[in-house]
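Visitor: Enclosed is the structure file upload.tsv (TSV, C-alpha atoms and all ligand atoms).
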chain	number	residue	atom	x	y	z
A	1	MET	CA	25.01	0.42	-64.12
A	2	PRO	CA	26.01	-1.52	-68.30
A	3	VAL	CA	26.62	-5.28	-75.12
A	4	PHE	CA	26.93	-9.85	-75.93
A	5	ARG	CA	26.35	-12.80	-75.75
A	6	PRO	CA	26.47	-15.19	-72.82
A	7	ALA	CA	23.72	-17.76	-72.71
A	8	ILE	CA	21.01	-16.17	-70.71
A	9	ARG	CA	17.99	-17.90	-69.33
A	10	GLN	CA	15.63	-15.06	-68.67
A	11	LYS	CA	16.43	-12.37	-71.18
A	12	ARG	CA	17.38	-12.42	-74.78
A	13	PRO	CA	21.17	-12.21	-74.97
A	14	ALA	CA	20.95	-8.95	-76.86
A	15	GLU	CA	19.37	-7.38	-73.80
A	16	ARG	CA	22.40	-7.90	-71.70
A	17	LEU	CA	24.46	-4.82	-72.32
A	18	SER	CA	27.72	-4.08	-70.54
A	19	SER	CA	26.57	-3.41	-67.02
A	20	LEU	CA	24.16	-0.60	-66.71
A	21	SER	CA	23.25	0.25	-70.26
A	22	SER	CA	19.73	-0.13	-71.49
A	23	PRO	CA	18.87	-2.82	-73.99
A	24	PRO	CA	18.99	-1.82	-77.63
A	25	GLY	CA	15.67	-0.54	-78.80
A	26	SER	CA	14.52	0.49	-75.34
A	27	ALA	CA	15.42	4.11	-75.57
A	28	GLY	CA	13.05	5.04	-72.80
A	29	PRO	CA	13.66	5.19	-69.10
A	30	ALA	CA	13.68	2.02	-67.10
A	31	GLY	CA	10.73	3.54	-65.27
A	32	PRO	CA	7.42	1.82	-64.58
A	33	ALA	CA	4.54	2.02	-67.00
A	34	GLY	CA	2.26	4.98	-66.28
A	35	LEU	CA	5.06	7.21	-65.08
A	36	PRO	CA	3.91	10.18	-63.04
A	37	ASP	CA	3.85	13.48	-64.88
A	38	LEU	CA	6.36	15.44	-62.84
A	39	ALA	CA	5.50	18.69	-64.59
A	40	ASP	CA	2.18	18.30	-62.81
A	41	PRO	CA	2.61	19.71	-59.28
A	42	ALA	CA	0.15	17.16	-57.86
A	43	ASP	CA	2.21	14.23	-59.18
A	44	LEU	CA	5.45	15.84	-58.04
A	45	SER	CA	3.97	16.40	-54.58
A	46	ASP	CA	2.97	12.75	-54.35
A	47	GLU	CA	6.45	11.57	-55.37
A	48	ALA	CA	8.10	14.00	-52.99
A	49	ASP	CA	5.85	12.92	-50.16
A	50	ARG	CA	6.54	9.24	-50.73
A	51	PHE	CA	10.27	9.92	-50.73
A	52	LEU	CA	10.24	12.13	-47.63
A	53	HIS	CA	8.29	9.53	-45.72
A	54	GLN	CA	10.75	6.80	-46.68
A	55	CYS	CA	13.78	8.99	-46.04
A	56	TYR	CA	12.85	10.34	-42.61
A	57	THR	CA	11.53	6.95	-41.47
A	58	GLU	CA	14.67	5.06	-42.48
A	59	LEU	CA	16.93	7.75	-41.04
A	60	GLY	CA	14.98	7.59	-37.75
A	61	ARG	CA	14.03	11.28	-38.00
A	62	THR	CA	10.24	11.00	-38.16
A	63	ALA	CA	9.79	13.93	-35.73
A	64	GLU	CA	10.96	16.26	-38.51
A	65	LEU	CA	8.70	14.77	-41.15
A	66	PRO	CA	5.46	16.79	-40.78
A	67	ALA	CA	7.19	20.18	-40.96
A	68	ARG	CA	9.38	19.08	-43.84
A	69	ARG	CA	6.38	17.80	-45.79
A	70	ARG	CA	4.58	21.09	-45.34
A	71	ALA	CA	7.62	23.06	-46.47
A	72	VAL	CA	8.09	20.93	-49.58
A	73	ALA	CA	4.39	21.09	-50.47
A	74	ALA	CA	4.49	24.88	-50.15
A	75	ALA	CA	7.60	25.12	-52.36
A	76	ILE	CA	5.96	22.97	-55.04
A	77	ARG	CA	2.80	25.12	-54.93
A	78	ALA	CA	4.85	28.29	-55.25
A	79	ASP	CA	7.58	27.24	-57.72
A	80	GLY	CA	6.53	23.92	-59.20
A	81	THR	CA	9.65	22.36	-57.73
A	82	TYR	CA	11.61	22.01	-54.46
A	83	ASP	CA	15.14	21.49	-53.13
A	84	HIS	CA	16.55	18.47	-51.33
A	85	THR	CA	18.55	19.01	-48.18
A	86	PHE	CA	22.06	17.53	-48.19
A	87	ALA	CA	20.89	14.63	-45.98
A	88	GLU	CA	17.95	13.89	-48.30
A	89	LEU	CA	20.19	13.97	-51.35
A	90	GLU	CA	22.77	11.74	-49.70
A	91	TYR	CA	20.14	9.26	-48.58
A	92	GLY	CA	18.45	9.43	-52.01
A	93	ALA	CA	21.66	8.75	-53.92
A	94	ARG	CA	22.57	5.83	-51.65
A	95	VAL	CA	19.12	4.29	-52.00
A	96	ALA	CA	19.28	4.84	-55.78
A	97	TRP	CA	22.34	2.55	-55.71
A	98	ARG	CA	20.55	0.12	-53.37
A	99	ASN	CA	17.68	-0.05	-55.89
A	100	SER	CA	19.94	-0.60	-58.95
A	101	SER	CA	18.66	-4.05	-59.83
A	102	ARG	CA	21.46	-4.76	-62.33
A	103	CYS	CA	24.31	-4.09	-59.92
A	104	ILE	CA	25.94	-7.01	-58.12
A	105	GLY	CA	28.10	-4.70	-55.97
A	106	ARG	CA	25.47	-3.21	-53.70
A	107	LEU	CA	26.64	-4.50	-50.31
A	108	TYR	CA	28.41	-1.21	-49.67
A	109	TRP	CA	25.57	1.11	-50.73
A	110	GLN	CA	25.70	3.03	-47.45
A	111	SER	CA	29.31	4.06	-48.06
A	112	LEU	CA	28.54	6.04	-51.23
A	113	LYS	CA	30.25	9.43	-50.93
A	114	LEU	CA	28.14	12.38	-52.09
A	115	ARG	CA	29.78	15.39	-53.70
A	116	ASP	CA	27.08	18.06	-53.76
A	117	HIS	CA	27.68	20.45	-56.66
A	118	ARG	CA	24.11	21.45	-57.45
A	119	ASP	CA	25.29	25.06	-57.73
A	120	ALA	CA	27.77	24.36	-60.56
A	121	ASP	CA	25.90	25.70	-63.55
A	122	ARG	CA	28.43	26.54	-66.25
A	123	PRO	CA	29.85	23.68	-68.34
A	124	VAL	CA	33.43	24.62	-67.46
A	125	ARG	CA	32.67	24.23	-63.74
A	126	ILE	CA	30.89	20.95	-64.30
A	127	ALA	CA	33.88	19.62	-66.23
A	128	ALA	CA	36.25	20.75	-63.48
A	129	GLU	CA	34.15	18.91	-60.88
A	130	CYS	CA	34.15	15.77	-63.03
A	131	VAL	CA	37.94	15.91	-62.97
A	132	ARG	CA	37.94	16.32	-59.18
A	133	HIS	CA	35.44	13.49	-58.89
A	134	LEU	CA	37.83	11.20	-60.75
A	135	ARG	CA	40.79	12.19	-58.57
A	136	GLU	CA	38.89	11.69	-55.32
A	137	ALA	CA	37.22	8.46	-56.44
A	138	THR	CA	40.49	7.02	-57.79
A	139	ASN	CA	42.27	7.79	-54.52
A	140	GLY	CA	45.58	6.44	-55.77
A	141	GLY	CA	43.98	3.08	-56.58
A	142	ARG	CA	41.94	2.53	-53.39
A	143	ILE	CA	38.74	3.32	-55.22
A	144	ARG	CA	35.95	5.09	-53.34
A	145	PRO	CA	32.35	4.76	-54.54
A	146	THR	CA	31.40	8.37	-55.25
A	147	VAL	CA	28.59	10.36	-56.83
A	148	THR	CA	28.75	14.01	-57.86
A	149	VAL	CA	25.32	15.59	-58.13
A	150	PHE	CA	24.80	18.66	-60.31
A	151	ALA	CA	21.63	20.74	-60.75
A	152	PRO	CA	18.28	19.00	-61.29
A	153	ASP	CA	15.90	19.74	-64.15
A	154	ARG	CA	13.54	22.57	-63.24
A	155	PRO	CA	10.19	23.47	-64.83
A	156	GLY	CA	11.04	25.03	-68.19
A	157	ARG	CA	14.75	24.88	-67.34
A	158	PRO	CA	16.42	21.59	-68.24
A	159	ALA	CA	19.72	20.93	-66.46
A	160	PRO	CA	23.07	20.35	-68.14
A	161	ARG	CA	23.96	16.81	-69.28
A	162	ILE	CA	27.10	14.84	-69.93
A	163	ARG	CA	27.15	13.31	-73.42
A	164	ASN	CA	29.65	10.52	-72.56
A	165	GLU	CA	28.24	7.30	-71.12
A	166	GLN	CA	31.22	7.18	-68.73
A	167	LEU	CA	33.66	9.89	-67.72
A	168	ILE	CA	36.50	7.69	-68.98
A	169	ARG	CA	35.97	5.96	-72.34
A	170	TYR	CA	38.35	4.96	-75.12
A	171	ALA	CA	37.93	6.33	-78.63
A	172	GLY	CA	36.85	4.06	-81.47
A	173	TYR	CA	38.08	4.92	-84.96
A	174	ARG	CA	36.69	3.36	-88.11
A	175	VAL	CA	39.57	2.49	-90.37
A	176	GLU	CA	39.37	1.40	-93.98
A	177	ASP	CA	39.19	-2.33	-94.61
A	178	SER	CA	40.44	-3.48	-91.24
A	179	GLY	CA	37.47	-2.35	-89.16
A	180	VAL	CA	37.95	-0.39	-85.96
A	181	VAL	CA	40.89	0.81	-83.89
A	182	GLY	CA	39.95	1.24	-80.23
A	183	ASP	CA	36.57	0.62	-78.64
A	184	PRO	CA	33.83	0.12	-81.27
A	185	ARG	CA	31.25	1.02	-78.64
A	186	ASN	CA	32.43	4.63	-78.67
A	187	ILE	CA	32.60	5.28	-82.42
A	188	GLU	CA	29.66	7.66	-82.37
A	189	LEU	CA	31.00	9.65	-79.43
A	190	THR	CA	34.42	9.73	-81.08
A	191	ASP	CA	32.88	11.12	-84.29
A	192	THR	CA	31.03	13.72	-82.24
A	193	VAL	CA	34.11	14.99	-80.42
A	194	ARG	CA	36.07	15.01	-83.68
A	195	THR	CA	33.48	17.30	-85.27
A	196	LEU	CA	33.87	19.48	-82.17
A	197	GLY	CA	37.59	19.81	-82.89
A	198	TRP	CA	39.23	17.03	-80.83
A	199	TYR	CA	42.04	14.96	-82.27
A	200	GLY	CA	43.16	11.64	-80.83
A	201	HIS	CA	46.46	9.86	-81.27
A	202	GLY	CA	44.77	7.05	-83.12
A	203	THR	CA	45.81	4.36	-80.61
A	204	ALA	CA	43.51	1.63	-79.33
A	205	PHE	CA	43.35	3.33	-75.92
A	206	ASP	CA	42.90	7.07	-76.49
A	207	VAL	CA	40.91	8.55	-73.60
A	208	LEU	CA	38.03	10.62	-74.98
A	209	PRO	CA	37.33	14.14	-73.72
A	210	VAL	CA	34.20	14.81	-71.68
A	211	VAL	CA	31.42	16.69	-73.48
A	212	ILE	CA	29.03	18.83	-71.43
A	213	GLU	CA	25.80	20.01	-72.97
A	214	ALA	CA	24.01	22.88	-71.25
A	215	PRO	CA	21.08	24.96	-72.50
A	216	GLY	CA	22.36	28.26	-73.83
A	217	TYR	CA	25.91	26.97	-74.31
A	218	ARG	CA	27.69	25.28	-77.17
A	219	PRO	CA	28.77	21.71	-76.34
A	220	TYR	CA	31.82	22.05	-74.12
A	221	VAL	CA	34.69	19.65	-74.78
A	222	HIS	CA	37.06	19.04	-71.88
A	223	VAL	CA	40.18	16.91	-72.26
A	224	LEU	CA	40.80	14.98	-69.03
A	225	PRO	CA	44.18	15.77	-67.48
A	226	GLN	CA	46.34	12.64	-67.41
A	227	ASP	CA	46.64	12.61	-63.64
A	228	CYS	CA	42.92	12.00	-63.17
A	229	VAL	CA	42.83	8.92	-65.40
A	230	LEU	CA	44.51	6.00	-63.68
A	231	GLU	CA	45.11	3.11	-66.09
A	232	VAL	CA	46.40	-0.41	-65.61
A	233	PRO	CA	48.64	-2.06	-68.23
A	234	LEU	CA	47.68	-5.73	-68.43
A	235	SER	CA	50.09	-8.58	-67.88
A	236	HIS	CA	49.66	-12.27	-67.05
A	237	PRO	CA	51.25	-13.98	-64.04
A	238	ARG	CA	52.53	-16.91	-66.16
A	239	HIS	CA	52.62	-15.74	-69.80
A	240	PRO	CA	55.23	-13.04	-70.45
A	241	TRP	CA	53.92	-12.52	-74.00
A	242	PHE	CA	50.68	-11.11	-72.59
A	243	ALA	CA	52.21	-7.77	-71.59
A	244	GLU	CA	53.50	-7.39	-75.15
A	245	LEU	CA	49.92	-7.16	-76.42
A	246	GLY	CA	49.83	-3.62	-75.04
A	247	ILE	CA	46.36	-3.99	-73.53
A	248	ARG	CA	45.28	-1.61	-70.78
A	249	TRP	CA	42.11	-0.52	-69.05
A	250	HIS	CA	41.12	2.35	-66.79
A	251	ALA	CA	40.72	1.96	-63.04
A	252	VAL	CA	37.41	3.74	-62.48
A	253	PRO	CA	34.08	3.00	-64.16
A	254	ALA	CA	32.15	6.29	-63.75
A	255	ILE	CA	28.70	6.19	-65.35
A	256	SER	CA	27.77	9.67	-66.50
A	257	ASP	CA	24.64	9.36	-68.67
A	258	MET	CA	22.10	8.09	-66.16
A	259	CYS	CA	19.55	10.28	-64.44
A	260	LEU	CA	19.34	10.18	-60.67
A	261	GLU	CA	15.66	10.29	-59.71
A	262	ILE	CA	14.82	11.20	-56.14
A	263	GLY	CA	11.41	12.22	-54.82
A	264	GLY	CA	10.20	13.32	-58.25
A	265	LEU	CA	13.27	15.47	-58.95
A	266	HIS	CA	15.47	14.49	-61.88
A	267	TYR	CA	19.23	14.97	-61.70
A	268	PRO	CA	20.34	14.15	-65.24
A	269	CYS	CA	23.93	15.08	-64.50
A	270	ALA	CA	25.05	12.88	-61.61
A	271	PRO	CA	28.15	10.83	-62.50
A	272	PHE	CA	28.77	7.92	-60.11
A	273	ASN	CA	31.32	5.18	-59.74
A	274	GLY	CA	32.10	2.01	-57.88
A	275	TRP	CA	35.05	-0.26	-58.58
A	276	TYR	CA	35.31	-2.84	-61.32
A	277	MET	CA	34.50	-6.51	-61.11
A	278	GLY	CA	37.14	-8.25	-63.27
A	279	THR	CA	34.66	-9.89	-65.66
A	280	GLU	CA	33.35	-6.53	-66.84
A	281	ILE	CA	36.74	-5.96	-68.41
A	282	GLY	CA	37.98	-9.51	-69.07
A	283	SER	CA	34.74	-11.08	-70.30
A	284	ARG	CA	33.04	-8.13	-71.93
A	285	ASN	CA	35.01	-4.98	-72.74
A	286	LEU	CA	38.06	-6.84	-74.03
A	287	ALA	CA	36.36	-10.05	-75.17
A	288	ASP	CA	33.01	-9.24	-76.80
A	289	ALA	CA	33.17	-9.62	-80.57
A	290	ASP	CA	31.74	-6.11	-80.96
A	291	ARG	CA	34.20	-4.61	-78.46
A	292	TYR	CA	37.95	-5.30	-78.40
A	293	ASP	CA	37.39	-8.88	-79.62
A	294	LEU	CA	40.61	-10.24	-78.13
A	295	LEU	CA	39.74	-13.92	-77.70
A	296	PRO	CA	41.24	-15.01	-81.04
A	297	THR	CA	44.47	-13.13	-80.27
A	298	VAL	CA	44.77	-14.57	-76.77
A	299	ALA	CA	43.94	-18.07	-78.01
A	300	ALA	CA	46.57	-17.87	-80.75
A	301	ASN	CA	49.22	-16.82	-78.24
A	302	LEU	CA	48.16	-19.63	-75.92
A	303	GLY	CA	48.68	-22.03	-78.83
A	304	LEU	CA	45.11	-23.29	-78.69
A	305	ASP	CA	43.45	-25.19	-81.51
A	306	THR	CA	40.90	-22.71	-82.86
A	307	THR	CA	39.78	-24.80	-85.83
A	308	THR	CA	36.75	-26.11	-83.99
A	309	ASP	CA	34.50	-24.69	-81.25
A	310	ARG	CA	34.75	-28.01	-79.42
A	311	THR	CA	38.25	-27.41	-78.13
A	312	LEU	CA	36.65	-24.70	-75.95
A	313	TRP	CA	39.41	-22.31	-77.02
A	314	ARG	CA	37.19	-19.31	-76.38
A	315	ASP	CA	36.44	-20.49	-72.86
A	316	ARG	CA	40.12	-21.10	-72.09
A	317	ALA	CA	41.15	-17.75	-73.57
A	318	LEU	CA	38.45	-16.04	-71.50
A	319	VAL	CA	39.75	-17.52	-68.28
A	320	GLU	CA	43.35	-16.43	-68.99
A	321	LEU	CA	42.20	-12.95	-70.00
A	322	ASN	CA	40.32	-12.66	-66.71
A	323	VAL	CA	43.32	-13.96	-64.78
A	324	ALA	CA	45.39	-11.22	-66.42
A	325	VAL	CA	42.89	-8.52	-65.47
A	326	LEU	CA	42.69	-9.50	-61.79
A	327	HIS	CA	46.45	-10.03	-61.56
A	328	SER	CA	47.29	-6.68	-63.17
A	329	TYR	CA	44.89	-4.56	-61.11
A	330	GLU	CA	46.09	-6.20	-57.94
A	331	ALA	CA	49.74	-5.68	-58.90
A	332	ALA	CA	48.99	-2.02	-59.65
A	333	GLY	CA	47.27	-1.57	-56.27
A	334	VAL	CA	43.92	-0.79	-57.89
A	335	THR	CA	40.71	-2.04	-56.26
A	336	ILE	CA	39.02	-4.78	-58.26
A	337	ALA	CA	36.68	-7.60	-57.28
A	338	ASP	CA	36.60	-11.14	-58.61
A	339	HIS	CA	33.19	-12.53	-59.50
A	340	HIS	CA	33.17	-15.28	-56.86
A	341	THR	CA	33.79	-12.84	-54.01
A	342	GLU	CA	31.34	-10.33	-55.42
A	343	ALA	CA	28.67	-13.03	-55.78
A	344	HIS	CA	28.99	-13.95	-52.10
A	345	ARG	CA	28.88	-10.31	-51.10
A	346	PHE	CA	25.74	-9.84	-53.14
A	347	LEU	CA	23.92	-12.70	-51.42
A	348	LYS	CA	24.99	-11.25	-48.09
A	349	HIS	CA	23.47	-7.96	-49.22
A	350	VAL	CA	20.20	-9.67	-50.20
A	351	ALA	CA	20.03	-11.35	-46.78
A	352	LYS	CA	20.71	-8.05	-45.03
A	353	GLU	CA	17.99	-6.34	-47.00
A	354	GLU	CA	15.54	-9.07	-46.09
A	355	ARG	CA	16.44	-8.71	-42.42
A	356	ALA	CA	15.71	-4.99	-42.76
A	357	GLY	CA	12.26	-5.89	-44.05
A	358	ARG	CA	12.95	-4.91	-47.65
A	359	VAL	CA	13.01	-6.81	-50.91
A	360	CYS	CA	16.18	-6.48	-52.93
A	361	PRO	CA	15.27	-5.83	-56.55
A	362	ALA	CA	17.61	-7.75	-58.86
A	363	GLU	CA	17.74	-8.87	-62.51
A	364	TRP	CA	19.13	-12.38	-62.78
A	365	SER	CA	20.56	-11.88	-66.26
A	366	TRP	CA	22.61	-8.91	-65.10
A	367	ILE	CA	23.59	-10.24	-61.68
A	368	VAL	CA	25.02	-13.55	-62.90
A	369	PRO	CA	28.61	-12.90	-64.03
A	370	PRO	CA	29.59	-13.41	-67.68
A	371	LEU	CA	32.14	-16.07	-66.75
A	372	SER	CA	31.49	-19.37	-64.99
A	373	GLY	CA	27.97	-18.27	-64.11
A	374	SER	CA	26.95	-21.57	-62.54
A	375	ALA	CA	30.14	-21.70	-60.47
A	376	THR	CA	29.00	-18.59	-58.61
A	377	ALA	CA	26.40	-18.64	-55.88
A	378	VAL	CA	24.16	-16.01	-57.48
A	379	PHE	CA	23.28	-18.34	-60.39
A	380	HIS	CA	21.24	-20.84	-58.41
A	381	ARG	CA	18.21	-18.80	-57.48
A	382	TYR	CA	15.78	-16.18	-58.69
A	383	TYR	CA	15.26	-12.60	-57.54
A	384	ASP	CA	12.51	-10.05	-57.06
A	385	GLU	CA	12.34	-7.75	-60.04
A	386	ALA	CA	11.04	-4.39	-58.87
A	387	ASP	CA	11.54	-0.94	-60.29
A	388	ALA	CA	11.89	1.15	-57.15
A	389	ARG	CA	12.67	4.82	-56.55
A	390	PRO	CA	15.03	6.53	-55.88
A	391	ASN	CA	17.05	5.06	-58.73
A	392	PHE	CA	19.48	5.72	-61.56
A	393	VAL	CA	17.57	5.51	-64.84
A	394	ARG	CA	18.47	6.11	-68.43
A	395	HIS	CA	16.30	8.75	-70.06
A	396	GLU	CA	15.55	9.37	-73.67
A	397	VAL	CA	17.78	12.15	-74.95
B	401	LIG	N1	30.38	-2.49	-67.32
B	401	LIG	C1	30.84	-1.15	-67.41
B	401	LIG	C2	32.25	-1.13	-67.97
B	401	LIG	O1	32.83	-2.16	-68.14
B	401	LIG	C3	30.82	-0.44	-66.07
B	401	LIG	C4	29.50	-0.46	-65.32
B	401	LIG	C5	29.62	-0.12	-63.86
B	401	LIG	N2	30.48	-1.07	-63.21
B	401	LIG	C6	30.85	-1.00	-61.91
B	401	LIG	N3	31.66	-1.90	-61.46
B	401	LIG	N4	30.42	-0.04	-61.14
B	401	LIG	O2	32.85	-0.11	-68.20
Rewrite the structure of this file - the entire thing - as structure tokens.
Guide:
Amino acid sequence: MPVFRPAIRQKRPAERLSSLSSPPGSAGPAGPAGLPDLADPADLSDEADRFLHQCYTELGRTAELPARRRAVAAAIRADGTYDHTFAELEYGARVAWRNSSRCIGRLYWQSLKLRDHRDADRPVRIAAECVRHLREATNGGRIRPTVTVFAPDRPGRPAPRIRNEQLIRYAGYRVEDSGVVGDPRNIELTDTVRTLGWYGHGTAFDVLPVVIEAPGYRPYVHVLPQDCVLEVPLSHPRHPWFAELGIRWHAVPAISDMCLEIGGLHYPCAPFNGWYMGTEIGSRNLADADRYDLLPTVAANLGLDTTTDRTLWRDRALVELNVAVLHSYEAAGVTIADHHTEAHRFLKHVAKEERAGRVCPAEWSWIVPPLSGSATAVFHRYYDEADARPNFVRHEV
């Protein structure tokens, strides 16, 4: 939805992962304590019922509710599971975004585009749909929030999964003495795909293949065609040397390892994307000491005095790195949000939710941007922390 080190008031810094990843050491789902046992038809029926009630009420279709409840209850009695209609799945996926308490970008939750591919069973078809997802979501740079939903887990029949945390990730290679080339976050995935036969070019920005794991199949490695991976080379509006650094980033953040939970059904393979907020790239991916660690490089090129922390060289380098990110995406015609605009939009979203009679679950330490926190409006208040369903959760693998 998503790793550190900004000063954080509510959570230990180590708990703030790049947006939407779970804190280290919390392998389990973000779910509430005393999770229902969904293999138990009674628990599944309760979850389904709660969801159907919410769905048909919010959609203003309560007349259909009694018959639909009976049909779902009968399916669960007969098969131990049930199917969502397209409308239920679309509503469920949108509300899963609305309930994503770590996401600042939820104002547009109702615009989420559903691609329903629950019938795609074989890994090769799933990979092909991931490629189409990226093309449609990228949309030449005018990024469209999109989710592709594949089959749910069924009793005794777990669904396929995507091993990558995002559809587009850069390889990380351990190199002798000098550390890592590429993104250190993806070293493990890189090692995995190398044992499966993939070779990279060894650059700092090699796009990793997608790995699909499905019961009964060997892990399926799919190299993404170049045309579905839009990337932005970074430059700075005032410092020509910046472009020479050869830094780039991809246009679409598409989370692919979170499970979409709707009405007691689990869709473990449901990649979704929004667009980037600049700080995710400029303050975290490229700046974190355990990621691309570029602050010392940027500071040196800016001619800053890095001999003491008190010159605030890191802070100044961070700002220029973020300027470069926003400038480059805009110049390339790729949707990106700045953190001030996104903060205002978020508060508008919270107000809208309140007007609709709902609380907006939000985690302060994830909502406040990792640059100039107190200069954004979202810093100066607290939020309701609730773990609502439907939602995108990270499950133990
Ligand atoms: N923080 C993650 C990254 O930098 C992406 C998380 C989702 N972000 C988003 N804007 N939808 O790759």
Visitor: Rounded to one decimal, what separation in Å do you get between CA of Glu320 (chain A) and CA of Thr376 (chain A)?
Guide: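 Result for CA of Glu320 (chain A) versus CA of Thr376 (chain A): 17.8 Å, one decimal.
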Visitor: Would you mind listing what lies within 10 Å of Ala324 (chain A) as a PyMOL selection string, with all atoms listed in the file counted and same-chain residues fewer than 3 positions away left out?
Guide: chain A and resi 233-239+242-243+278+282+318-321+327-330
Visitor: For ligand LIG 401 (chain B), list the contacting residues at 10 Å or closer, counting only C-alpha atoms and all ligand atoms, as a PyMOL selection string.
Guide: chain A and resi 1-3+17-21+102-106+145+165-166+168-169+249-255+272-286+336-337
Visitor: Which residue is closest to Ser365 (chain A)? Choose from A:Lys352, A:Arg381, A:Arg218, A:Arg61 and count all atoms listed in the file.
Guide: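 Looking at the shortest contact to Ser365 (chain A), the residue is A:Arg381.
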Visitor: Identify which of the residues A:Val334, A:Ala127, A:Leu112, A:Ala388 lies closest to Val232 (chain A), counting all atoms listed in the file when measuring atom-to-atom distances.
Guide: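 Smallest separation from Val232 (chain A) among the options: A:Val334.
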Visitor: Please, what distance in Å, to one decimal, runs between CA of Ala331 (chain A) and CA of Val147 (chain A)?
Guide: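 Calculated distance between CA of Ala331 (chain A) and CA of Val147 (chain A) is 26.6 Å.
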Visitor: Just the number, please: distance in Å from CA of Ile187 (chain A) to CA of Ala171 (chain A), one decimal.
Guide: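 Distance between the two atoms: 6.6 Å.
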Visitor: Excluding Cys259 (chain A) and residues on its chain fewer than 2 positions from it, collect all residues at most 6 Å away from it, counting only C-alpha atoms, and give them as a list in words.
Guide: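 Close residues of Cys259 (chain A): Tyr267, Pro268, Phe392, Val393 and Arg394 of chain A.
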Visitor: Rank A:Ala287, A:Leu167, A:Pro296, A:Leu107 by their smallest atom-to-atom distance to His133 (chain A), using all atoms listed in the file, and report the top residue only.
Guide: A:Leu167
Visitor: Of the candidates A:Thr190, A:Gln226, A:Asn391, A:Asn164, which one gets nearest to Ile212 (chain A) if we count only C-alpha atoms?
Guide: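 With only C-alpha atoms as the atom set, the closest residue is A:Asn164.
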Visitor: Under the rule that all atoms listed in the file are counted, which of A:Gln110, A:Cys55, A:Thr146, A:Asn99 is the nearest residue to Val359 (chain A)?
Guide: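 Checking each candidate against Val359 (chain A), we get A:Asn99 as the closest.
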Visitor: Out of A:Asn322, A:Ser101, A:Gln54, A:Thr341, which residue has the shortest atom-to-atom distance to Trp364 (chain A) when counting all atoms listed in the file?
Guide: A:Ser101
Visitor: Residues at most 8 Å from region 38-50 of chain A, counting all atoms listed in the file, excluding those fewer than 2 positions away in the same chain, as a PDB file with C-alpha atoms, in the coordinates of the input?
Guide:
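The result, stored in result19.pdb:
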ATOM      1  CA  PRO A  36       3.910  10.180 -63.040  1.00  0.00           C
ATOM      2  CA  LEU A  52      10.240  12.130 -47.630  1.00  0.00           C
ATOM      3  CA  HIS A  53       8.290   9.530 -45.720  1.00  0.00           C
ATOM      4  CA  GLN A  54      10.750   6.800 -46.680  1.00  0.00           C
ATOM      5  CA  ARG A  69       6.380  17.800 -45.790  1.00  0.00           C
ATOM      6  CA  VAL A  72       8.090  20.930 -49.580  1.00  0.00           C
ATOM      7  CA  ALA A  73       4.390  21.090 -50.470  1.00  0.00           C
ATOM      8  CA  ILE A  76       5.960  22.970 -55.040  1.00  0.00           C
ATOM      9  CA  ARG A  77       2.800  25.120 -54.930  1.00  0.00           C
ATOM     10  CA  GLY A  80       6.530  23.920 -59.200  1.00  0.00           C
ATOM     11  CA  THR A  81       9.650  22.360 -57.730  1.00  0.00           C
ATOM     12  CA  PRO A 155      10.190  23.470 -64.830  1.00  0.00           C
ATOM     13  CA  ILE A 262      14.820  11.200 -56.140  1.00  0.00           C
ATOM     14  CA  GLY A 263      11.410  12.220 -54.820  1.00  0.00           C
ATOM     15  CA  GLY A 264      10.200  13.320 -58.250  1.00  0.00           C
ATOM     16  CA  LEU A 265      13.270  15.470 -58.950  1.00  0.00           C
TER      17      LEU A 265
END
Visitor: If we count only C-alpha atoms and set the cut-off at 12 Å, which residues sit around Arg125 (chain A), ignoring sequence neighbours fewer than 4 positions away in its own chain? Please answer as a JSON list (two decimals) with C-alpha atoms, in the frame of the given file.
Guide:
[["chain", "number", "residue", "atom", "x", "y", "z"],
["A", 117, "HIS", "CA", 27.68, 20.45, -56.66],
["A", 118, "ARG", "CA", 24.11, 21.45, -57.45],
["A", 119, "ASP", "CA", 25.29, 25.06, -57.73],
["A", 120, "ALA", "CA", 27.77, 24.36, -60.56],
["A", 121, "ASP", "CA", 25.90, 25.70, -63.55],
["A", 129, "GLU", "CA", 34.15, 18.91, -60.88],
["A", 130, "CYS", "CA", 34.15, 15.77, -63.03],
["A", 131, "VAL", "CA", 37.94, 15.91, -62.97],
["A", 132, "ARG", "CA", 37.94, 16.32, -59.18],
["A", 150, "PHE", "CA", 24.80, 18.66, -60.31],
["A", 151, "ALA", "CA", 21.63, 20.74, -60.75],
["A", 160, "PRO", "CA", 23.07, 20.35, -68.14],
["A", 212, "ILE", "CA", 29.03, 18.83, -71.43],
["A", 214, "ALA", "CA", 24.01, 22.88, -71.25],
["A", 220, "TYR", "CA", 31.82, 22.05, -74.12],
["A", 222, "HIS", "CA", 37.06, 19.04, -71.88]]
